[in-house]
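Reviewing the structure listed below.
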Amino acid sequence: MKKTKGSKDNKVRYGTISLPIPLINLIKERIKGTGISSVSSYVAFVLRQILSSEEQTSEVLDKESEKDVKRRLKTLGYA
Amino acid sequence: MITLDGARVDRIVDMDNFKKLMKKGTFFPQTITSAPYTIAAIHAIFSGSNGNRTGTDTYYGSPLFKKNLFATLPVYLKKEGYYTIGDFLSELIAPKIGFDEFLIHNELKDNLTKKHLHLLDKVNKIKEKQNFFLYLHYSNIHTSLLDTVLKKYNNFDKTYFEKKEENSREYNTYLRAADQYLGKIIEKINECDMLKNTIVIVQSDHGVSVGEKIGERAYGAFCYDYTVKTFVFFLQPNIFPAKEVKQQVRIIDILPTILDAFGIKESKDYEKMDGKSMMPLIKGKKEDRYAFIEAGNPLKSKEPPKKPNIRAIRTSKWKFIHNYWDDSEELYNLEKDLGEKNNLIKKEKKIVDGLRNKLNFELKKGLSLEIKQLKKKL
C-alpha cells in the first residue's frame with residue numbers, strides 16, 4: 001500500500017489500495033443517488049461498518065455479562 | 001442424546017460397555033470436533049454449524065450464539081411436536097432455545113447416574129402421549145479433572161508433563177466410570193423398551209490430553225488429535241445398521257444426520273448448516289469431508305482468549321494448523337505420524353496451499369455472514 005501525502009488541512013493520512021476496474025464500476029453504479037461522493041468514501045464506509053460490527057460482536061457481551069460468564073467459567077475450571 | 005464430555009475415542013473403544021454397544025449400531029470413530037472444548041463443541045453439535053458463523057467460537061461465546069440465524073436440534077424437534085428436555089453441566093454449554101426444560105446439574109454434588117435414570121423414567125411416561133428429545137450431559141470426567149488437573153497444574157507445569165503414564169492411568173479410571181454410567185443408561189433404555197422407536201446417540205465433544213504436548217494439560221489450547229478426534233454412535237436397529245464407518249466426519253454432521261433420519265427438511269428460515277448428513281456414508285458412499293477446527297490458547301494467561309487464536313483444517317490424511325499468536329504453521333501426515341511430531345510445513349508446499357485455501361474459505365464463510373447482516377443495515 002503506497003502512502004500519499006495528506007492535504008495540509010487533513011489530520012488523517014490516506015493510503016492507496018488497488019481494486020479491479022469492474023469492481024470499481026460496480027461500486028460507481030451502487031453509489032449513484034446515495035449521497036456518497038466517491039468509490040473511496042463508499043469502500044471506507046463499508047469497511048468501517050464491518051470492522052466496528054466485529055468489535056461489537058465481542059462488545060455485545062457487556063461488562064456485567066462478561067463478569068457473569070467469567071464467574072461461571074471459573075467454576076468450571078477454565079479461568 | 002448422551003454426551004460423554006471428554007471421552008477419548010482411542011480409549012472408549014476398549015471399555016466393556018461401549019465395546020458391546022458398538023456392535024449394535026453405527027459407529028463413527030473419526031468424528032472431528034469443531035472446537036476441542038465443550039462450550040463451542042456442543043453449540044456446534046446443536047446447530048450443525050461451526051462457531052465462526054454461529055458466534056460461539058470462544059469460551060465466552062455462549063451468550064453470543066446467533067439463535068435467530070441458526071436453528072438448533074431442539075428447535076427443529078419442538079416444531080415437530082416433541083417434548084424437549086436436557087440436563088447440562090452449565091447454562092453456558094448449549095443454547096436454551098427450543099427446550100421445554102433446560103436443567104442444570106451440580107457436578108460436585110449430584111449423582112448423575114441417579115439423576116439421568118430418573119429422567120429416563122420421566123420421558124418413558126411422556127412417550128405414551130408425545131415424542132420426546134432427551135439430552136444427557138455426562139460431566140464426571142470433567143469433574144474428576146477439575147481438581148486433579150485443571151486447578152492443580154497450568155499448561156506448562158513440568159511435574160504434569162513428566163508423569164504421562166500416571167496421567168493416563170488416572171484418565172482411564174475416569175473413563176471406566178463413564179463407561180459404567182453408559183452401561184446403566186443403556187440398561188434402563190432396554191428396560192423401558194425404548195429402542196422400538198427411539199434413536200440413541202452417544203458422542204463425545206472432545207478428547208483430553210494426558211500430557212502428550214507441553215502447553216496443553218487438558219484441552220482447548222491446541223488442535224492435536226488427542227483432543228479433536230472424537231466419536232459419535234447411533235443406535236436404532238431400524239435405521240442405523242451395525243457397522244463402523246471409518247471415513248472422517250464432523251460433529252457438525254450430527255444434526256443433519258438426525259434430520260435426515262427423521263425426514264425433516266432443513267429450514268429455509270435460517271442460515272444453511274455447515275454440516276451434512278452422514279446417511280450417504282452409512283449407505284456406502286465414499287467421501288472425505290474436511291474439518292474446520294478453532295481453539296483458544298490462553299498462552300501464559302490464566303483466562304481463555306476472547307477470540308480464537310489457533311485454527312486447523314483436518315482431512316483423513318493431513319492436519320494443517322495455523323497458530324495466530326506467532327504466525328507459525330504446522331503440517332502433519334496423520335497416516336504416518338499419529339503423534340503429530342514431524343512438522344512437514346516446509347516440505348509439502350502443494351498440500352499446505354490446498355489446506356490453507358480451505359481454511360481461508362471457511363473464514364470467508366464467517367465473514368460473508370457478517371457482511372450479509374451488514375447489508376441489511378446499509
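Letters A, B, ... go to the chains of the C-alpha cells in the order shown; residues in each chain start at 1; ligands are counted from 1 in the same order.
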**Asked** chain A residues within 7 Å of chain B, counting only C-alpha atoms: which ones, as an NGL selection string?
**Response** :A and (50 or 69 or 77-79)
Take the selection from the previous step and output its residues with N, CA and C atoms, as a PDB file, in the first residue's frame.
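See again39.pdb below for the written result:
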ATOM      1  N   ILE A  50     -17.947  -2.905   8.831  1.00  0.00           N
ATOM      2  CA  ILE A  50     -17.589  -4.312   9.074  1.00  0.00           C
ATOM      3  C   ILE A  50     -16.711  -4.412  10.307  1.00  0.00           C
ATOM      4  N   VAL A  69     -20.135 -14.466  32.921  1.00  0.00           N
ATOM      5  CA  VAL A  69     -19.558 -15.583  32.165  1.00  0.00           C
ATOM      6  C   VAL A  69     -18.231 -16.001  32.788  1.00  0.00           C
ATOM      7  N   GLY A  77     -13.527 -24.320  36.002  1.00  0.00           N
ATOM      8  CA  GLY A  77     -12.082 -24.565  35.973  1.00  0.00           C
ATOM      9  C   GLY A  77     -11.354 -23.989  34.774  1.00  0.00           C
ATOM     10  N   TYR A  78     -12.017 -23.086  34.045  1.00  0.00           N
ATOM     11  CA  TYR A  78     -11.417 -22.580  32.820  1.00  0.00           C
ATOM     12  C   TYR A  78     -10.805 -21.193  32.943  1.00  0.00           C
ATOM     13  N   ALA A  79     -10.867 -20.592  34.071  1.00  0.00           N
ATOM     14  CA  ALA A  79     -10.285 -19.246  34.197  1.00  0.00           C
ATOM     15  C   ALA A  79      -9.666 -19.067  35.569  1.00  0.00           C
TER      16      ALA A  79
END
**Request:** Could you please write out, as number ranges by chain, every residue of stretch 135-298 of chain B that DSSP assigns to alpha helix (DSSP H)?
**Result:** B: 140-145, 158-161, 164-191, 225-228, 254-262, 279-282
**Asked** DSSP says strand (DSSP E or B) for which residues of stretch 43-174 of chain B? Put them as a PyMOL selection string?
**Response** chain B and resi 83-88+101-104+132-138
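Neighbouring residues of A:Val43 at 12 Å or closer, counting only C-alpha atoms and skipping chain neighbours under 6 positions away, are Thr16, Ile17, Ser18, Leu19, Leu23, Ile24, Leu26, Ile27, Lys28, Arg30, Ile31, Ile36, Ser37, Gln49 and Ile50 of chain A.
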**Message:** Residues within 12 Å of stretch 130-133 of chain B, please, as a ChimeraX atom specification. Count only C-alpha atoms; anything in the same chain fewer than 2 positions from it doesn't count.
**Reply:** /B:1-2,73-87,98-102,119-120,122-128,135-136,194,197-201,258
**Message:** Excluding B:Lys66 and its own-chain neighbours fewer than 5 positions away, which residues fall within 9 Å of it when counting only C-alpha atoms? Please give them as a PyMOL selection string.
**Reply:** chain B and resi 53-56
**Item:** Atom pair atom CA of B:Ser209 / atom CA of A:Lys70: separation (Å)
**Value:**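 The value is 23.5 Å.
The interatomic distance for the pair atom CA of B:Thr3 and atom CA of B:Ile93 works out to 11.5 Å.
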**Prompt:** What's the 12 Å shell around B:Tyr324, counting only C-alpha atoms, without same-chain residues fewer than 6 positions away, as JSON, numbers by chain?
**Reply:** {"B": [222, 294, 295, 296, 297, 299, 305, 307, 308, 309, 310, 311, 312, 330]}
Residues as selected, C-alpha atoms, written as a PDB file, in the first residue's frame, can you do that?
ATOM      1  CA  PHE B 222      -4.194 -26.903  20.717  1.00  0.00           C
ATOM      2  CA  GLU B 294     -10.838 -23.486  16.113  1.00  0.00           C
ATOM      3  CA  ALA B 295      -9.418 -23.210  19.620  1.00  0.00           C
ATOM      4  CA  GLY B 296      -8.335 -20.507  22.052  1.00  0.00           C
ATOM      5  CA  ASN B 297      -4.924 -20.972  23.589  1.00  0.00           C
ATOM      6  CA  LEU B 299      -0.766 -18.978  26.367  1.00  0.00           C
ATOM      7  CA  PRO B 305      -8.684 -15.555  24.875  1.00  0.00           C
ATOM      8  CA  LYS B 307     -11.142 -14.697  20.037  1.00  0.00           C
ATOM      9  CA  PRO B 308      -9.848 -17.990  18.606  1.00  0.00           C
ATOM     10  CA  ASN B 309      -6.085 -17.834  18.094  1.00  0.00           C
ATOM     11  CA  ILE B 310      -5.465 -21.241  16.598  1.00  0.00           C
ATOM     12  CA  ARG B 311      -7.206 -22.834  13.631  1.00  0.00           C
ATOM     13  CA  ALA B 312      -6.795 -26.065  11.754  1.00  0.00           C
ATOM     14  CA  GLU B 330       2.250 -26.927  11.218  1.00  0.00           C
TER      15      GLU B 330
END
**Message:** If we count only C-alpha atoms and set the cut-off at 12 Å, which residues sit around stretch 179-182 of chain B, ignoring sequence neighbours fewer than 2 positions away in its own chain? Please answer as a ChimeraX atom specification.
**Reply:** /B:1-5,7-8,11-21,111-117,136-141,172-177,184-189,200-203
Go ahead and dump the residues you just picked, N, CA and C atoms, as a compact mmCIF listing (two decimals), in the first residue's frame.
# COMPACT_ATOMS: atom_id res chain seq x y z
N MET B 1 -29.89 -38.30 23.41
CA MET B 1 -28.53 -37.93 23.02
C MET B 1 -27.71 -37.84 24.29
N ILE B 2 -26.62 -38.58 24.31
CA ILE B 2 -25.76 -38.63 25.50
C ILE B 2 -24.37 -38.13 25.10
N THR B 3 -23.90 -37.11 25.80
CA THR B 3 -22.52 -36.65 25.58
C THR B 3 -21.67 -37.13 26.74
N LEU B 4 -20.64 -37.88 26.43
CA LEU B 4 -19.63 -38.25 27.43
C LEU B 4 -18.53 -37.20 27.29
N ASP B 5 -18.69 -36.14 28.08
CA ASP B 5 -17.80 -34.97 27.99
C ASP B 5 -16.35 -35.36 28.27
N ALA B 7 -14.56 -37.74 26.60
CA ALA B 7 -14.22 -39.15 26.37
C ALA B 7 -13.35 -39.28 25.12
N ARG B 8 -12.19 -39.86 25.27
CA ARG B 8 -11.26 -40.06 24.14
C ARG B 8 -11.68 -41.27 23.33
N ARG B 11 -9.65 -44.56 23.54
CA ARG B 11 -9.72 -45.33 24.78
C ARG B 11 -11.11 -45.88 25.06
N ILE B 12 -12.14 -45.18 24.61
CA ILE B 12 -13.52 -45.65 24.88
C ILE B 12 -13.77 -46.99 24.20
N VAL B 13 -13.06 -47.20 23.08
CA VAL B 13 -13.28 -48.44 22.31
C VAL B 13 -12.80 -49.68 23.07
N ASP B 14 -12.04 -49.50 24.13
CA ASP B 14 -11.58 -50.63 24.96
C ASP B 14 -12.42 -50.82 26.20
N MET B 15 -13.42 -49.97 26.38
CA MET B 15 -14.24 -50.06 27.59
C MET B 15 -15.37 -51.07 27.38
N ASP B 16 -15.64 -51.86 28.41
CA ASP B 16 -16.56 -53.01 28.27
C ASP B 16 -17.92 -52.67 27.69
N ASN B 17 -18.63 -51.74 28.31
CA ASN B 17 -19.99 -51.47 27.87
C ASN B 17 -20.02 -50.85 26.47
N PHE B 18 -19.08 -49.96 26.22
CA PHE B 18 -19.05 -49.33 24.90
C PHE B 18 -18.71 -50.35 23.82
N LYS B 19 -17.80 -51.28 24.15
CA LYS B 19 -17.42 -52.33 23.18
C LYS B 19 -18.65 -53.15 22.78
N LYS B 20 -19.50 -53.47 23.77
CA LYS B 20 -20.71 -54.25 23.47
C LYS B 20 -21.68 -53.43 22.62
N LEU B 21 -21.78 -52.13 22.99
CA LEU B 21 -22.74 -51.25 22.31
C LEU B 21 -22.36 -51.03 20.85
N ASN B 111 -25.59 -36.92 41.83
CA ASN B 111 -25.27 -38.24 41.33
C ASN B 111 -25.87 -38.32 39.94
N LEU B 112 -25.03 -38.22 38.92
CA LEU B 112 -25.55 -38.10 37.56
C LEU B 112 -26.26 -39.37 37.10
N THR B 113 -25.75 -40.51 37.51
CA THR B 113 -26.40 -41.76 37.09
C THR B 113 -27.83 -41.77 37.61
N LYS B 114 -27.96 -41.45 38.89
CA LYS B 114 -29.30 -41.46 39.51
C LYS B 114 -30.21 -40.43 38.82
N LYS B 115 -29.68 -39.24 38.63
CA LYS B 115 -30.49 -38.17 38.04
C LYS B 115 -30.92 -38.54 36.62
N HIS B 116 -29.99 -39.08 35.85
CA HIS B 116 -30.32 -39.36 34.45
C HIS B 116 -31.23 -40.58 34.30
N LEU B 117 -31.09 -41.54 35.22
CA LEU B 117 -32.03 -42.67 35.19
C LEU B 117 -33.44 -42.18 35.52
N LEU B 136 -28.61 -35.79 27.65
CA LEU B 136 -27.93 -36.07 28.92
C LEU B 136 -26.45 -35.74 28.78
N HIS B 137 -25.98 -34.84 29.64
CA HIS B 137 -24.57 -34.45 29.59
C HIS B 137 -23.83 -35.13 30.75
N TYR B 138 -23.01 -36.09 30.42
CA TYR B 138 -22.21 -36.76 31.46
C TYR B 138 -20.93 -35.96 31.66
N SER B 139 -20.82 -35.31 32.81
CA SER B 139 -19.73 -34.38 33.02
C SER B 139 -18.70 -34.87 34.05
N ASN B 140 -18.83 -36.12 34.50
CA ASN B 140 -17.95 -36.57 35.59
C ASN B 140 -16.47 -36.69 35.22
N ILE B 141 -16.18 -36.85 33.93
CA ILE B 141 -14.75 -36.85 33.54
C ILE B 141 -14.20 -35.45 33.81
N ASN B 172 -7.90 -43.12 32.59
CA ASN B 172 -8.62 -44.36 32.30
C ASN B 172 -9.63 -44.71 33.40
N THR B 173 -9.31 -44.37 34.65
CA THR B 173 -10.28 -44.66 35.72
C THR B 173 -11.52 -43.78 35.54
N TYR B 174 -11.31 -42.52 35.10
CA TYR B 174 -12.47 -41.64 34.89
C TYR B 174 -13.32 -42.17 33.72
N LEU B 175 -12.63 -42.67 32.72
CA LEU B 175 -13.34 -43.18 31.55
C LEU B 175 -14.10 -44.47 31.87
N ARG B 176 -13.52 -45.28 32.73
CA ARG B 176 -14.21 -46.52 33.14
C ARG B 176 -15.50 -46.17 33.88
N ALA B 177 -15.45 -45.12 34.70
CA ALA B 177 -16.65 -44.67 35.40
C ALA B 177 -17.70 -44.19 34.39
N LYS B 184 -25.40 -48.38 32.54
CA LYS B 184 -26.66 -48.26 33.31
C LYS B 184 -27.72 -47.54 32.48
N ILE B 185 -27.30 -46.54 31.73
CA ILE B 185 -28.26 -45.80 30.90
C ILE B 185 -28.85 -46.73 29.82
N ILE B 186 -28.00 -47.49 29.17
CA ILE B 186 -28.46 -48.39 28.10
C ILE B 186 -29.36 -49.48 28.69
N GLU B 187 -29.00 -49.93 29.87
CA GLU B 187 -29.82 -50.96 30.55
C GLU B 187 -31.23 -50.42 30.78
N LYS B 188 -31.30 -49.18 31.24
CA LYS B 188 -32.60 -48.56 31.51
C LYS B 188 -33.39 -48.38 30.20
N ILE B 189 -32.70 -47.97 29.15
CA ILE B 189 -33.36 -47.78 27.85
C ILE B 189 -33.96 -49.10 27.39
N VAL B 200 -30.89 -43.60 19.80
CA VAL B 200 -29.97 -43.28 20.89
C VAL B 200 -28.66 -42.84 20.25
N ILE B 201 -28.17 -41.69 20.68
CA ILE B 201 -26.90 -41.18 20.16
C ILE B 201 -25.93 -41.06 21.34
N VAL B 202 -24.76 -41.62 21.17
CA VAL B 202 -23.72 -41.49 22.19
C VAL B 202 -22.53 -40.80 21.50
N GLN B 203 -22.05 -39.73 22.09
CA GLN B 203 -21.00 -38.95 21.43
C GLN B 203 -20.05 -38.36 22.47
**Asked** Any idea what the distance is between atom CA of B:Glu266 and atom CA of B:Ser49?
**Response** 12.6 Å
